[in-house]
$ cat work-v1.cif   # mmCIF, C-alpha atoms and all ligand atoms
data_coords
loop_
_atom_site.label_atom_id
_atom_site.label_comp_id
_atom_site.auth_asym_id
_atom_site.auth_seq_id
_atom_site.Cartn_x
_atom_site.Cartn_y
_atom_site.Cartn_z
CA MET A 1 3.82 11.75 -15.42
CA ASP A 2 6.06 13.58 -12.96
CA ASP A 3 8.42 11.98 -10.50
CA PHE A 4 5.78 12.19 -7.78
CA ASP A 5 3.26 10.15 -9.77
CA THR A 6 5.75 7.41 -10.61
CA ARG A 7 6.60 6.99 -6.92
CA THR A 8 3.07 7.26 -5.54
CA GLU A 9 2.38 3.55 -5.80
CA ASP A 10 5.58 2.68 -3.91
CA ARG A 11 4.83 5.19 -1.18
CA GLN A 12 1.28 3.91 -0.82
CA ALA A 13 2.46 0.27 -0.68
CA ALA A 14 4.98 1.22 2.03
CA MET A 15 2.22 2.96 4.02
CA VAL A 16 0.05 -0.16 3.87
CA ALA A 17 2.98 -2.41 4.83
CA LEU A 18 3.60 -0.25 7.91
CA ILE A 19 -0.07 -0.36 8.92
CA ARG A 20 -0.03 -4.14 8.52
CA SER A 21 3.13 -4.45 10.61
CA ARG A 22 1.41 -2.47 13.37
CA GLY A 23 -1.33 -5.10 13.55
CA VAL A 24 -4.15 -4.12 11.20
CA ARG A 25 -5.03 -7.34 9.35
CA ASP A 26 -8.57 -6.85 7.98
CA PRO A 27 -8.06 -7.52 4.23
CA LEU A 28 -10.93 -5.22 3.28
CA VAL A 29 -9.33 -2.32 5.18
CA LEU A 30 -5.85 -2.95 3.77
CA ALA A 31 -7.17 -3.23 0.19
CA ALA A 32 -9.03 0.09 0.57
CA MET A 33 -5.93 1.83 1.97
CA GLU A 34 -4.06 0.51 -1.08
CA GLN A 35 -6.70 1.94 -3.45
CA VAL A 36 -7.73 5.38 -2.15
CA PRO A 37 -5.40 8.15 -3.43
CA ARG A 38 -4.61 9.89 -0.13
CA HIS A 39 -2.61 12.61 -1.94
CA LYS A 40 -5.86 13.88 -3.48
CA PHE A 41 -7.27 14.61 -0.01
CA VAL A 42 -4.46 16.88 1.25
CA ALA A 43 -3.37 20.40 0.24
CA PRO A 44 -1.21 20.47 -2.96
CA GLU A 45 1.88 21.56 -1.00
CA GLN A 46 1.54 18.48 1.23
CA ARG A 47 1.19 15.93 -1.56
CA SER A 48 4.72 14.60 -1.13
CA GLN A 49 3.92 13.84 2.55
CA ALA A 50 0.55 12.26 1.89
CA TYR A 51 1.71 8.67 2.52
CA GLY A 52 3.70 9.33 5.69
CA ASP A 53 2.22 7.90 8.89
CA TYR A 54 1.26 11.20 10.51
CA PRO A 55 -1.72 13.56 10.51
CA LEU A 56 -1.74 16.47 8.02
CA SER A 57 -3.47 19.84 7.92
CA ILE A 58 -6.57 20.15 5.72
CA GLY A 59 -7.13 23.86 6.46
CA HIS A 60 -9.81 25.44 8.69
CA CYS A 61 -7.68 24.35 11.74
CA GLN A 62 -8.60 20.70 11.04
CA THR A 63 -6.50 17.62 10.34
CA ILE A 64 -6.73 14.39 8.36
CA SER A 65 -5.85 11.58 10.79
CA GLN A 66 -2.68 9.53 10.60
CA PRO A 67 -3.20 6.54 8.22
CA TYR A 68 -2.62 3.95 10.99
CA ILE A 69 -5.40 5.48 13.11
CA VAL A 70 -7.76 5.55 10.11
CA ALA A 71 -7.02 1.85 9.50
CA LEU A 72 -7.33 0.88 13.18
CA MET A 73 -10.64 2.70 13.67
CA THR A 74 -12.02 1.22 10.45
CA GLN A 75 -10.98 -2.32 11.42
CA MET A 76 -12.63 -1.91 14.84
CA LEU A 77 -15.99 -1.22 13.13
CA SER A 78 -16.01 -4.92 11.98
CA LEU A 79 -18.03 -4.14 8.85
CA LYS A 80 -19.40 -6.21 5.99
CA PRO A 81 -19.92 -4.77 2.49
CA GLY A 82 -23.35 -3.19 2.18
CA ASN A 83 -23.44 -2.04 5.85
CA ARG A 84 -24.64 1.48 6.61
CA VAL A 85 -21.99 3.59 8.34
CA LEU A 86 -22.35 7.02 9.93
CA GLU A 87 -19.29 9.26 10.18
CA ILE A 88 -19.21 12.45 12.25
CA GLY A 89 -16.49 14.83 11.01
CA THR A 90 -16.22 14.50 7.21
CA GLY A 91 -13.11 16.71 7.04
CA SER A 92 -11.22 15.93 3.82
CA GLY A 93 -13.41 12.91 3.06
CA TYR A 94 -10.50 10.44 3.25
CA GLN A 95 -12.06 8.26 5.96
CA ALA A 96 -15.39 8.31 4.11
CA ALA A 97 -13.61 7.27 0.89
CA ILE A 98 -11.95 4.31 2.69
CA LEU A 99 -15.37 3.13 3.90
CA ALA A 100 -16.89 3.66 0.44
CA GLU A 101 -14.06 1.74 -1.20
CA MET A 102 -14.88 -1.16 1.18
CA GLY A 103 -18.43 -1.22 -0.21
CA MET A 104 -20.27 0.54 2.61
CA GLU A 105 -23.15 2.98 2.31
CA VAL A 106 -21.62 6.01 4.02
CA TYR A 107 -23.47 8.90 5.68
CA THR A 108 -21.12 11.67 6.81
CA VAL A 109 -21.76 14.94 8.65
CA GLU A 110 -19.51 18.05 8.76
CA ARG A 111 -20.12 21.32 10.63
CA ILE A 112 -17.80 23.59 8.59
CA ALA A 113 -19.70 24.67 5.47
CA MET A 114 -16.65 25.20 3.25
CA LEU A 115 -15.17 21.81 4.13
CA HIS A 116 -18.53 20.15 3.54
CA GLU A 117 -18.80 21.71 0.08
CA GLU A 118 -15.19 21.14 -1.01
CA THR A 119 -15.28 17.54 0.17
CA GLN A 120 -18.64 16.72 -1.35
CA ALA A 121 -17.26 17.94 -4.72
CA ARG A 122 -14.02 15.96 -4.25
CA LEU A 123 -15.83 12.70 -3.47
CA GLN A 124 -18.12 13.19 -6.43
CA GLU A 125 -15.17 13.85 -8.74
CA LEU A 126 -13.45 10.69 -7.49
CA GLY A 127 -16.61 8.71 -8.22
CA TYR A 128 -17.68 7.75 -4.69
CA THR A 129 -21.43 7.62 -5.29
CA ASN A 130 -22.04 5.66 -2.07
CA VAL A 131 -21.04 8.58 0.20
CA HIS A 132 -23.80 10.94 1.31
CA CYS A 133 -22.60 14.25 2.76
CA ARG A 134 -24.58 16.45 5.11
CA PHE A 135 -23.80 19.90 6.50
CA GLY A 136 -24.61 20.34 10.19
CA ASN A 137 -23.83 19.50 13.79
CA GLY A 138 -23.18 15.78 14.10
CA TYR A 139 -24.23 15.69 17.75
CA ALA A 140 -27.71 14.61 16.64
CA GLY A 141 -26.34 11.99 14.23
CA TRP A 142 -28.42 11.44 11.08
CA PRO A 143 -31.55 9.65 12.34
CA GLU A 144 -33.25 9.28 8.94
CA HIS A 145 -30.86 6.52 7.82
CA SER A 146 -30.42 4.78 11.19
CA PRO A 147 -29.83 2.20 12.51
CA TYR A 148 -26.17 2.05 11.51
CA GLN A 149 -24.04 -1.08 11.73
CA GLY A 150 -21.03 1.19 12.27
CA ILE A 151 -20.58 4.74 13.60
CA ILE A 152 -17.19 6.48 13.51
CA VAL A 153 -16.50 9.84 15.12
CA THR A 154 -13.32 11.63 14.00
CA ALA A 155 -13.42 14.59 16.41
CA ALA A 156 -13.32 14.22 20.20
CA PRO A 157 -16.29 15.11 22.41
CA THR A 158 -16.01 15.20 26.23
CA GLN A 159 -18.80 12.59 26.41
CA ILE A 160 -20.46 10.23 23.94
CA PRO A 161 -23.47 12.01 22.39
CA PRO A 162 -26.52 9.89 23.38
CA PRO A 163 -28.17 10.21 19.92
CA LEU A 164 -25.24 8.28 18.42
CA MET A 165 -25.79 5.36 20.81
CA GLU A 166 -29.50 5.40 19.95
CA GLN A 167 -28.75 5.21 16.22
CA LEU A 168 -26.46 2.18 16.57
CA ASP A 169 -27.89 -1.11 15.29
CA GLU A 170 -28.09 -4.26 17.43
CA GLY A 171 -24.54 -5.67 17.43
CA GLY A 172 -23.31 -2.44 15.83
CA HIS A 173 -19.89 -0.94 16.58
CA LEU A 174 -19.21 2.69 17.50
CA VAL A 175 -15.61 3.97 17.50
CA ILE A 176 -15.10 7.33 19.18
CA PRO A 177 -12.34 9.35 20.89
CA VAL A 178 -13.54 10.84 24.19
CA GLY A 179 -11.66 13.20 26.47
CA PRO A 180 -10.92 16.73 27.66
CA LEU A 181 -10.85 19.68 25.24
CA HIS A 182 -7.08 20.00 25.59
CA GLY A 183 -4.71 17.07 25.72
CA TYR A 184 -5.09 13.41 24.86
CA GLN A 185 -8.27 11.37 24.63
CA THR A 186 -9.16 7.71 24.95
CA LEU A 187 -10.35 5.86 21.87
CA TRP A 188 -13.41 3.73 22.73
CA LEU A 189 -15.06 0.87 20.93
CA VAL A 190 -18.72 0.62 21.98
CA ILE A 191 -20.72 -2.47 20.99
CA ARG A 192 -24.49 -2.55 21.31
CA HIS A 193 -26.19 -5.57 22.90
CA GLY A 194 -29.86 -4.61 23.14
CA ASP A 195 -30.06 -1.86 25.75
CA GLN A 196 -26.55 -2.61 27.00
CA PHE A 197 -23.39 -0.99 25.65
CA GLU A 198 -20.09 -2.83 26.06
CA LYS A 199 -17.12 -0.42 26.14
CA ILE A 200 -13.57 -1.37 25.20
CA ASP A 201 -10.60 0.98 25.74
CA LEU A 202 -8.44 1.10 22.56
CA GLY A 203 -5.76 3.42 23.96
CA GLY A 204 -4.69 7.06 23.87
CA VAL A 205 -5.23 9.28 20.80
CA ALA A 206 -5.14 12.99 19.86
CA PHE A 207 -8.08 14.35 17.85
CA VAL A 208 -9.38 17.85 17.16
CA PRO A 209 -12.29 18.82 19.45
CA PHE A 210 -15.87 17.87 18.66
CA VAL A 211 -17.63 21.23 18.57
CA HIS A 212 -21.10 21.20 20.07
CA LYS A 213 -22.83 24.56 19.73
N1 LIG B 1 -12.43 12.14 9.01
C1 LIG B 1 -11.73 13.31 8.47
C2 LIG B 1 -10.90 14.04 9.49
C3 LIG B 1 -11.74 14.81 10.37
S1 LIG B 1 -11.05 16.16 11.25
C4 LIG B 1 -10.86 12.93 7.29
O1 LIG B 1 -10.77 11.75 6.95
O2 LIG B 1 -10.29 13.85 6.71
C5 LIG B 1 -12.48 16.40 12.28
C6 LIG B 1 -13.64 17.04 11.59
O3 LIG B 1 -14.73 17.00 12.48
C7 LIG B 1 -13.41 18.50 11.24
O4 LIG B 1 -13.63 18.71 9.88
C8 LIG B 1 -14.42 19.24 12.11
O5 LIG B 1 -14.94 20.40 11.51
C9 LIG B 1 -15.50 18.17 12.30
N2 LIG B 1 -16.38 18.35 13.46
C10 LIG B 1 -16.06 18.73 14.72
N3 LIG B 1 -17.16 18.77 15.50
C11 LIG B 1 -18.21 18.40 14.70
C12 LIG B 1 -19.62 18.26 14.91
N4 LIG B 1 -20.18 18.50 16.10
N5 LIG B 1 -20.39 17.86 13.87
C13 LIG B 1 -19.84 17.61 12.65
N6 LIG B 1 -18.52 17.74 12.39
C14 LIG B 1 -17.71 18.13 13.40
#
$ encode --input "work-v1.cif" --output "structure tokens" --more "lines below"
Ligand code: SAH
Amino acid sequence: MDDFDTRTEDRQAAMVALIRSRGVRDPLVLAAMEQVPRHKFVAPEQRSQAYGDYPLSIGHCQTISQPYIVALMTQMLSLKPGNRVLEIGTGSGYQAAILAEMGMEVYTVERIAMLHEETQARLQELGYTNVHCRFGNGYAGWPEHSPYQGIIVTAAPTQIPPPLMEQLDEGGHLVIPVGPLHGYQTLWLVIRHGDQFEKIDLGGVAFVPFVHK
């Protein structure tokens, strides 16, 4: 065991304590953040920074979100174990692993082939059998497994893709950053009540663009 390994637990506990102090209280979310080895989702040269509260590069011009934002978005989904969750923007697979650790059935879509392949292999190696990875454009969602009790989008479109609203279950929660291609976006929580969609502003965020081509 090197020095890094012996200190990993302390760093991870400090990360969770910080998230808690910033207001995330869902015990299922906090327990998952305590369990998932975030350092296995970042590039080897960034391992020592894996538990800092900031986003990190995962290559291909993409980023793994800051842990607090991952925790906040996950809490806002208001999930129960066994729920089906759709994620658009698999990236490193960290967010998907958090959801899987919480006992969800996770369906995740990524448009960069290499990321999709690397991440699918990583999640398999880590034993997350309840994550299903798909390569493609997430604009259309993944209708075959809908409706979803939760949908989380980790790249920012300029508008909410209508297929995602259609695939949300009654009472389901959608968490999505929406805004201009350059600059900050607004994080929205959308709750479905029949044909009505209640929208709650969760504040300003900075995500990579949602690519729709
Ligand atoms: N949730 C990820 C971070 C995602 S970064 C994690 O935990 O690591 C955003 C990801 O969204 C990138 O990998 C990007 O390629 C992907 N993305 C952007 N637009 C997309 C689209 N239309 N469909 C699917 N994935 C998309």
$ residues_around --input "work-v1.cif" --residues "stretch 155-172 of chain A" --least-positions-apart "3" --cutoff "8 Å" --atoms "all atoms listed in the file" --output "PyMOL selection string"
chain A and resi 77+88-89+139-141+143+146-151+176-181+185+191-194+207-211
$ residues_near_ligand --input "work-v1.cif" --ligand "ligand LIG 1 (chain B)" --cutoff "7 Å" --atoms "only C-alpha atoms and all ligand atoms" --output "list in words"
Gln62, Thr63, Ile64, Ser65, Ile88, Gly89, Thr90, Gly91, Ser92, Gly93, Tyr94, Gln95, Ala96, Val109, Glu110, Arg111, Ile112, Leu115, Gly136, Asn137, Gly138, Tyr139, Thr154, Ala155, Val208, Pro209, Phe210, Val211 and His212 of chain A
$ atom_distance --input "work-v1.cif" --atom1 "atom CA of A:Met33" --atom2 "atom CA of A:Ala50"
12.3 Å
$ atom_distance --input "work-v1.cif" --atom1 "atom CA of A:Glu105" --atom2 "atom CA of A:Ala206"
27.1 Å
$ closest_residue --input "work-v1.cif" --among "A:Phe135, A:Pro55, A:Lys80, A:Pro67" --to "A:Ala113" --atoms "only C-alpha atoms"
A:Phe135
$ atom_distance --input "work-v1.cif" --atom1 "atom CA of A:His39" --atom2 "atom CA of A:Val70"
14.9 Å
